[in-house]
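See below for the structure under consideration.
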Amino acid sequence: MGTYKKDRRDFVKKSSLGLLGLALAPSFIGKMGPHNRLRTAHIGIGGMGFEDLKAIASHALVDVTALCDVDSNNLAAAKKMHPNAKVFSDYRVMLKEMANEIDAVIVSTPDHTHAPASIMAMDLGKPVYCQKPLTHHVSEARAMKKLAADKNLVTQMGIQVHSFYDYKLATLLIQSGIIGKVHTVRAWSPKNWGYDGPAPQGSDPVPETLDWNLWLGTAAERPYKKEVYHPGNWRKLVDFGCGTLGDMGVHIFDTPYNALELDVPRTIRNECREPNGVGFPVNNTVTYEFPATKYTADTLTWVWYDGPGAPAMHEDLKLPGAAEKMSKKNKDKDQTVEDKMSLETKATGPGSLPEQGAMFIGEKGRLLLPHFMQLPSKIVDGKYVDISAEIAAVGKANNMGEPIRNYNSEGPKHYHQFVEACLGRGECSAPFSYASRLTETILLGVIAGRFPNKTLHWDNQTAKFAEEEANQFLDGPYREF
């Protein structure tokens, strides 16, 4: 695996924290700032990182203490909000210099830097909030899960809708048996974090505000090209992001995965174009088979559709009042970065599927869960069924209260849950013990895209594919920078 594998193997032997052993791990959690406040350090504060910063900082007991970004424009904007925070361009320098002045670290970088930054912070005994997907490689997800457990650290993956009313409600309804044991899940997003074109040619001058070497981080060196990597477009490139599956898939997989208490799949197959070594396919249809849980049939089949036109037509997805043929929508491949980064789902007409969502198919009907901030709907024999009584019952039993349709008030809850856990006042609902499994599942589908139309067989115990040629994509070398 390169330097990273060597570093992880030697960590317990060489780290002074490792030598202290697990007995001291809780003391790191207990050492908060003055007056039981949480001093936070933020790595990556542009785009989603800026939203993460605002949400964490909105907690009354948070002191934003350190800010780090490779783009000085992002630093300047964040510094205006938090003038007392120290600023850095290199997260390694920040963590070393501020180790005794910070209590928790928020990682909101491009995907390829999630693990390097998070692991360095956890090595120092710091709780970590890391944006989704948790990592860029399967091996990193397993390493982060182990390190968090070994050090008994508070952790949370940034899937903020995990804490929203409708998603918690759908989980409770499925687990109450509202449609019986589930045998199939179909989930979709028409967003396009794929790229079917050639590799970028030539180079452009690096902006004075950007440290290109630090942006690349552990990734292989290459020339800077304007509007190819930074900001945002890295998601579509195999060396930096995880495609639409890694971006929107994490959000939309989350509730069915959680509700059905799934582990990682046994088989994975991706129907897509041949790999080009540069970008992810624009369109993917990924089929997983999972072992049974108490909420599923003997085998659970999960089908994911992404890219313009998704989902493909299927009887499982036909809604009451729909035309005989589902209309092909969202064909425009020229989506803006803002469109693709938005969690918002565009409104659709009667009989039409929500733009993004998931359908559970069980013994006693189907449950449709739009993405997001809409109540789930039950469908039996081609007709909607009133489930208001079931919703009221599980809501009352779990003290859920009334649904709230305000993202500005609901969005910070997932972040505040992390802060409260760091202060010893609760637990996180998406810790790395959970997030690593969800991320691994996502990344196995991404790897399957390198072997179009071929079924890959995954061994959860050995963390290897039966198909040896696929194992090379479970990790990757780290460049020294």
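Residues are referred to by chain and number: the chain letter is A, B, ... according to the order shown in the structure tokens, the number counts from 1 in that chain, and ligands are numbered separately from 1 in the order shown.
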Exercise. As a PyMOL selection string, which residues of stretch 176-304 of chain A does DSSP assign to alpha helix (DSSP H)?
Worked result: chain A and resi 212-216+243-259
For this session: For stretch 294-308 of chain A, work out the shell of residues within 6 Å, counting only C-alpha atoms and skipping chain neighbours fewer than 6 positions away, then give it as an NGL selection string.
Result: :A and (181-192 or 260 or 282-288 or 330-331 or 333)
Closest-contact table, stretch 370-458 of chain A side, partner stretch 129-139 of chain A, 8 Å, counting only C-alpha atoms, as a Markdown table:
| residue | atom | partner | partner_atom | distance |
| --- | --- | --- | --- | --- |
| A:Phe418 | CA | A:Tyr129 | CA | 7.2 |
| A:Phe432 | CA | A:Leu134 | CA | 8.0 |
| A:Ala435 | CA | A:Leu134 | CA | 6.7 |
| A:Ser436 | CA | A:Leu134 | CA | 6.6 |
| A:Thr439 | CA | A:Pro133 | CA | 5.9 |
| A:Glu440 | CA | A:Val138 | CA | 5.4 |
| A:Leu443 | CA | A:Val138 | CA | 6.4 |
| A:Leu444 | CA | A:Val138 | CA | 7.6 |
Expected file: the selected residues, N, CA and C atoms, as a PDB file, in the first residue's frame:
ATOM      1  N   PHE A 418     -22.228  15.794  17.624  1.00  0.00           N
ATOM      2  CA  PHE A 418     -20.796  15.542  17.784  1.00  0.00           C
ATOM      3  C   PHE A 418     -20.217  16.384  18.921  1.00  0.00           C
ATOM      4  N   PHE A 432     -17.460   6.295  13.439  1.00  0.00           N
ATOM      5  CA  PHE A 432     -16.682   5.612  12.413  1.00  0.00           C
ATOM      6  C   PHE A 432     -16.924   4.104  12.414  1.00  0.00           C
ATOM      7  N   ALA A 435     -19.861   4.357  10.107  1.00  0.00           N
ATOM      8  CA  ALA A 435     -19.531   5.058   8.862  1.00  0.00           C
ATOM      9  C   ALA A 435     -18.528   4.293   8.012  1.00  0.00           C
ATOM     10  N   SER A 436     -17.614   3.569   8.656  1.00  0.00           N
ATOM     11  CA  SER A 436     -16.615   2.822   7.900  1.00  0.00           C
ATOM     12  C   SER A 436     -17.262   1.708   7.090  1.00  0.00           C
ATOM     13  N   THR A 439     -19.211   3.350   4.217  1.00  0.00           N
ATOM     14  CA  THR A 439     -18.247   3.835   3.223  1.00  0.00           C
ATOM     15  C   THR A 439     -17.627   2.674   2.460  1.00  0.00           C
ATOM     16  N   GLU A 440     -17.276   1.599   3.151  1.00  0.00           N
ATOM     17  CA  GLU A 440     -16.711   0.434   2.481  1.00  0.00           C
ATOM     18  C   GLU A 440     -17.676  -0.092   1.421  1.00  0.00           C
ATOM     19  N   LEU A 443     -17.571   2.216  -1.542  1.00  0.00           N
ATOM     20  CA  LEU A 443     -16.310   2.130  -2.280  1.00  0.00           C
ATOM     21  C   LEU A 443     -16.172   0.821  -3.049  1.00  0.00           C
ATOM     22  N   LEU A 444     -16.782  -0.253  -2.551  1.00  0.00           N
ATOM     23  CA  LEU A 444     -16.766  -1.507  -3.302  1.00  0.00           C
ATOM     24  C   LEU A 444     -17.518  -1.345  -4.624  1.00  0.00           C
TER      25      LEU A 444
END
Sorted per-residue table, stretch 213-309 of chain A near stretch 47-70 of chain A, closest atoms and distance, 9 Å, only C-alpha atoms, as a tab-separated table:
residue	atom	partner	partner_atom	distance
A:Asn213	CA	A:Val70	CA	8.9
A:Leu214	CA	A:Val70	CA	6.2
A:Trp215	CA	A:Val70	CA	6.0
A:Pro231	CA	A:Gly47	CA	8.0
A:Gly232	CA	A:Gly47	CA	7.8
Quick one: write out the picked residues with N, CA, C and O atoms as an mmCIF file, in the first residue's frame?
data_model
loop_
_atom_site.group_PDB
_atom_site.id
_atom_site.type_symbol
_atom_site.label_atom_id
_atom_site.label_comp_id
_atom_site.auth_asym_id
_atom_site.auth_seq_id
_atom_site.Cartn_x
_atom_site.Cartn_y
_atom_site.Cartn_z
ATOM 1 N N ASN A 213 0.725 22.149 -4.237
ATOM 2 C CA ASN A 213 1.359 20.975 -3.636
ATOM 3 C C ASN A 213 0.559 20.470 -2.436
ATOM 4 O O ASN A 213 0.333 19.270 -2.285
ATOM 5 N N LEU A 214 0.109 21.388 -1.592
ATOM 6 C CA LEU A 214 -0.675 20.990 -0.432
ATOM 7 C C LEU A 214 -2.061 20.517 -0.826
ATOM 8 O O LEU A 214 -2.640 19.646 -0.157
ATOM 9 N N TRP A 215 -2.624 21.081 -1.899
ATOM 10 C CA TRP A 215 -3.932 20.601 -2.365
ATOM 11 C C TRP A 215 -3.807 19.149 -2.823
ATOM 12 O O TRP A 215 -4.644 18.304 -2.478
ATOM 13 N N PRO A 231 -12.058 24.594 -7.622
ATOM 14 C CA PRO A 231 -12.777 23.928 -6.545
ATOM 15 C C PRO A 231 -13.855 22.969 -7.077
ATOM 16 O O PRO A 231 -14.362 23.150 -8.181
ATOM 17 N N GLY A 232 -14.186 21.975 -6.330
ATOM 18 C CA GLY A 232 -15.370 21.151 -6.572
ATOM 19 C C GLY A 232 -15.248 20.014 -7.551
ATOM 20 O O GLY A 232 -15.715 18.915 -7.276
#
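For the set A:Thr40, A:Asn399, A:Asn73, A:Gln156, the residue with the smallest atom-to-atom gap to A:Ala104 is A:Thr40, counting only C-alpha atoms.
Minimum atom-to-atom distance to A:Leu262, evaluated using only C-alpha atoms, belongs to A:Leu438 out of A:Ala76, A:Leu438, A:Val446, A:Val154.
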For this session: Identify, on the basis of only C-alpha atoms, every residue whose closest approach to A:His414 does not exceed 8 Å; exclude the query and any residue fewer than 3 positions from it along the same chain; express the result as a ChimeraX atom specification.
Result: /A:158-163,411,417-418
For this session: Please run DSSP on the backbone and report, as a PyMOL selection string, all residues within stretch 173-369 of chain A that come out as strand (DSSP E or B).
Result: chain A and resi 182-189+210+237+267-271+279+284-291+296-306+357-362+365-369
Any idea what's packed within 10 Å of A:Asn398, counting only C-alpha atoms, ignoring anything in its chain fewer than 6 positions away? Could you give it as a PDB file with C-alpha atoms, in the first residue's frame?
ATOM      1  CA  LYS A 168     -35.228   8.501  11.522  1.00  0.00           C
ATOM      2  CA  LEU A 169     -38.949   7.885  10.935  1.00  0.00           C
ATOM      3  CA  LEU A 172     -38.340   3.056  12.713  1.00  0.00           C
ATOM      4  CA  ALA A 392     -48.083   8.490  14.961  1.00  0.00           C
TER       5      ALA A 392
END
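Separating atom CA of A:Leu38 from atom CA of A:Gly217 is a distance of 27.9 Å.
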With the cut-off set at 8 Å and counting only C-alpha atoms, tabulate each residue of stretch 132-167 of chain A with an atom at most that distance from an atom of stretch 365-382 of chain A, showing the nearest atom pair and its distance in Å to one decimal, ordered by chain and increasing number, as CSV.
residue,atom,partner,partner_atom,distance
A:Val161,CA,A:Phe372,CA,7.9
A:Phe164,CA,A:Met373,CA,7.5
A:Tyr165,CA,A:Met373,CA,7.6
A:Asp166,CA,A:Leu375,CA,5.6
Just write the chosen residues, N, CA, C and O atoms, as an mmCIF file, in the first residue's frame.
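What ended up in out_24.cif:
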data_model
loop_
_atom_site.group_PDB
_atom_site.id
_atom_site.type_symbol
_atom_site.label_atom_id
_atom_site.label_comp_id
_atom_site.auth_asym_id
_atom_site.auth_seq_id
_atom_site.Cartn_x
_atom_site.Cartn_y
_atom_site.Cartn_z
ATOM 1 N N VAL A 161 -28.059 14.564 7.093
ATOM 2 C CA VAL A 161 -29.458 14.162 7.002
ATOM 3 C C VAL A 161 -29.738 12.912 7.830
ATOM 4 O O VAL A 161 -30.894 12.558 8.051
ATOM 5 N N PHE A 164 -32.068 13.769 10.499
ATOM 6 C CA PHE A 164 -33.316 14.432 10.136
ATOM 7 C C PHE A 164 -34.522 13.549 10.491
ATOM 8 O O PHE A 164 -34.452 12.318 10.475
ATOM 9 N N TYR A 165 -35.633 14.193 10.742
ATOM 10 C CA TYR A 165 -36.869 13.521 11.175
ATOM 11 C C TYR A 165 -37.284 12.399 10.228
ATOM 12 O O TYR A 165 -37.555 11.273 10.661
ATOM 13 N N ASP A 166 -37.399 12.693 8.934
ATOM 14 C CA ASP A 166 -37.966 11.727 7.989
ATOM 15 C C ASP A 166 -37.110 10.474 7.858
ATOM 16 O O ASP A 166 -37.630 9.373 7.659
#
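Atom pair atom CA of A:Gly279 / atom CA of A:Tyr224 has a distance of 16.3 Å (rounded to one decimal).
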For this session: Return the single residue from A:Met120, A:Val206, A:Thr171, A:Gln356 that is closest to A:Ala143, with distances computed using only C-alpha atoms.
Result: A:Met120
Problem set entry | Residue neighbourhood A:Val128, 6 Å, only C-alpha atoms, exclusion window fewer than 2 positions, as a list in words |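 Here the qualifying residues turn out to be Ala104, Val105, Ile106 and Thr155 of chain A.
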